[in-house]
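> Handing you this structure, nothing more for now.
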Amino acid sequence: MRYSIIVPVFNRPDEVEELLGSLTKQTEGDFEVVVVEDGSSRPCREVCERFAQQLDIHYFVKDNSGPGQSRNYGAERARGEYLLILDSDVVLPEGYIAAVSRELDNEPADAFGGPDRAHESFTDIQKAISYAMTSFFTTGGIRGGKKKLDRFYPRSFNMGIRRDVYKRLGGFSRMRFGEDIDFSIRLFEAGCRCRLFPEAWVWHKRRTDFRKFFRQVYNSGIARINLYKKYPSSLKLVHMLPAVFTVGTSALILISAVGRALMHYDPTHFHRWYLVCALPWLPILALCLLLLVDATVRHRSLRIGLLSVAAAFVQLTGYGSGFIAAWWKRCVRGKDEFQAFEHTFYD
């Protein structure tokens, strides 16, 4: 068997059903599916049983320990030459497995990954969040499937690896977030070759509202500092930009507020303080306009464009805030590893 698809799941039976449905439509069928229920209160056992006649599917239940350890649990029971690791909230186009096979047949790889896209059926907020996570103006394009960096770090929503390499490296660490980047770093340290497979993309639903999205990216910022403490060379300029944005935007808003207050208390210099109040908003509004135009053109929807502006600010300030908080606790105050999630990864 060539592929084992590993899917950790926590309280997402509806999403698992969509993923399994897309697997039944694959043009290439040399794979098994290993679903690992990670202590869910809403299990997907019945969903998996409905697909038992169409897929070579294996369903396991374990206590909650987070996605990384659940993937390890599934990998220990997998039989394929390659492990394809997917999040439960992705849906595959029918040519996904075939695209992976074409890339591997053309040029072998120890590990690989593909980009993600927003499906037409996704809600407008999900499309906006997808834009924020893949746009050059918010993430530098590092998650958008472009070959722009010197190395490609596979992410766990769409990752593949040789099973023997996975076992040699001991699988994912016990980090509750950022464990996929940690794993990718260890791949490079072990001399493994990682590649981007541009055509092996998935539809990724991500979060369904801005509150959950903020929590996700906030913990991504925390995870980046945790990774920096383990691997100092892993921190790049692009990873610090959201923190710079967060501090810079806060400073501009504060300056504007001071100008507005002085307009009231010193009316004799009204025009001077009006400029102090107004000018800080110009770069913020310019960025909003840039994001609005780009997202509106991409999705051909003004509504999604407006939501994308909001999603971009949530993404940048959420990540930046988590980054700053973790930097203060770990790098300034010298605290032990700051746990991004006190309870479960999925909350």
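Simple scheme: letters A, B, ... for chains in structure tokens order, numbers from 1 for residues in each chain, numbers from 1 for ligands in the order shown.
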Can you pull out the residues contacting Val16 in chain A? Cut-off 9 Å, using only C-alpha atoms, and skip same-chain residues under 4 positions away; I want them as a tab-separated table (two decimals) with N, CA and C atoms, in the first residue's frame.


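Contents of the output file selection-v8.tsv:
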```
chain	number	residue	atom	x	y	z
A	7	VAL	N	-5.90	11.07	10.07
A	7	VAL	CA	-6.81	12.19	10.38
A	7	VAL	C	-7.12	12.20	11.88
A	9	VAL	N	-9.13	13.78	14.99
A	9	VAL	CA	-10.41	14.51	15.00
A	9	VAL	C	-10.88	14.72	16.43
A	12	ARG	N	-15.76	16.81	15.56
A	12	ARG	CA	-16.06	17.34	14.24
A	12	ARG	C	-16.61	16.26	13.30
A	20	LEU	N	-14.24	12.43	4.24
A	20	LEU	CA	-14.35	11.05	3.76
A	20	LEU	C	-15.10	10.99	2.44
A	21	GLY	N	-16.12	11.84	2.29
A	21	GLY	CA	-16.84	11.88	1.02
A	21	GLY	C	-15.93	12.25	-0.13
A	35	VAL	N	-8.52	7.11	11.04
A	35	VAL	CA	-9.17	8.19	11.78
A	35	VAL	C	-8.93	7.95	13.26
A	44	CYS	N	-17.22	10.46	15.81
A	44	CYS	CA	-17.59	10.29	14.40
A	44	CYS	C	-17.59	8.81	14.00
A	47	VAL	N	-20.18	7.96	11.39
A	47	VAL	CA	-19.79	8.51	10.09
A	47	VAL	C	-18.80	7.57	9.42
A	48	CYS	N	-17.79	7.14	10.16
A	48	CYS	CA	-16.78	6.25	9.59
A	48	CYS	C	-17.39	4.92	9.17
A	88	SER	N	-8.98	17.46	9.98
A	88	SER	CA	-10.34	16.98	9.74
A	88	SER	C	-11.20	18.01	9.02
A	89	ASP	N	-10.76	19.27	8.97
A	89	ASP	CA	-11.57	20.32	8.33
A	89	ASP	C	-11.13	20.64	6.91
A	90	VAL	N	-10.48	19.67	6.25
A	90	VAL	CA	-10.13	19.86	4.84
A	90	VAL	C	-11.01	18.98	3.97
A	91	VAL	N	-11.14	19.38	2.72
A	91	VAL	CA	-11.84	18.60	1.69
A	91	VAL	C	-10.90	18.51	0.50
```

> Quick one: everything within 9 Å of Ala257 in chain A, counting only C-alpha atoms, minus sequence neighbours fewer than 5 positions away in the same chain. Send it as a list in words.

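Residues meeting the cut-off are Leu252, Leu262, Val276 and Cys277 of chain A.
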
> When you count only C-alpha atoms, which of these residues is closest to Gly74 in chain A: A:Ile57, A:Val293, A:Leu92, A:Leu169?

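Comparing A:Ile57, A:Val293, A:Leu92, A:Leu169 against Gly74 in chain A, the winner is A:Ile57.
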
> Report as JSON lines the residues of range 243-320 of chain A within 12 Å of range 97-120 of chain A, each with its shortest atom pair and distance in Å (one decimal), using only C-alpha atoms, ordered by chain and increasing residue number.


```
{"residue": "A:Arg298", "atom": "CA", "partner": "A:Ala118", "partner_atom": "CA", "distance": 11.0}
{"residue": "A:His299", "atom": "CA", "partner": "A:Glu120", "partner_atom": "CA", "distance": 9.5}
{"residue": "A:Arg300", "atom": "CA", "partner": "A:Glu120", "partner_atom": "CA", "distance": 11.6}
{"residue": "A:Ser301", "atom": "CA", "partner": "A:Glu120", "partner_atom": "CA", "distance": 11.9}
{"residue": "A:Ile304", "atom": "CA", "partner": "A:Ala118", "partner_atom": "CA", "distance": 11.9}
```

> Print the selection's residues with N, CA and C atoms to a file, as a CSV table (one decimal), in the first residue's frame.


```
chain,number,residue,atom,x,y,z
A,298,ARG,N,-9.9,39.2,-5.9
A,298,ARG,CA,-9.7,37.8,-5.8
A,298,ARG,C,-11.0,37.0,-5.7
A,299,HIS,N,-11.9,37.5,-4.9
A,299,HIS,CA,-13.1,36.7,-4.7
A,299,HIS,C,-14.3,37.3,-5.5
A,300,ARG,N,-14.1,38.4,-6.2
A,300,ARG,CA,-15.2,39.0,-7.0
A,300,ARG,C,-16.4,39.3,-6.1
A,301,SER,N,-16.1,39.8,-4.9
A,301,SER,CA,-17.2,40.1,-3.9
A,301,SER,C,-16.7,41.3,-3.0
A,304,ILE,N,-17.0,40.1,0.7
A,304,ILE,CA,-15.8,39.3,1.2
A,304,ILE,C,-14.6,40.2,1.3
```

> Which residues come within 7 Å of Phe152 in chain A, counting only C-alpha atoms, excluding same-chain residues fewer than 6 positions away, as a PyMOL selection string?

chain A and resi 194-196

> Those residues with C-alpha atoms, as a compact mmCIF listing (two decimals), in the first residue's frame please?


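Saved result, result.txt, follows:
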```
# COMPACT_ATOMS: atom_id res chain seq x y z
CA CYS A 194 11.12 18.55 1.85
CA ARG A 195 9.25 19.77 -1.19
CA LEU A 196 6.20 21.83 -2.01
```

> To one decimal in Å, tell me the separation between CA of Leu307 in chain A and CA of Thr139 in chain A.

16.9 Å

> My list of candidates is A:Asn158, A:Ser65, A:Ser250, A:Asn226. Which is closest to Ile5 in chain A when distances are computed with only C-alpha atoms?

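Closest to Ile5 in chain A, using only C-alpha atoms: A:Asn158.
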
> Could you tell me which of A:Asp56, A:Asp294, A:Glu18, A:Glu46 comes closest to Ser4 in chain A if we count only C-alpha atoms?

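The closest residue to Ser4 in chain A is A:Asp56.
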
> Go through range 14-158 of chain A and collect every residue that DSSP, computed from the backbone, puts in helix (DSSP H, G or I); the answer should be as number ranges by chain.

A: 14-23, 45-50, 67-76, 96-106, 124-134, 136-139

> Give me, as a PyMOL selection string, the residues of range 149-204 of chain A that a backbone DSSP run labels strand (DSSP E).

chain A and resi 158-162+194-196+202-204
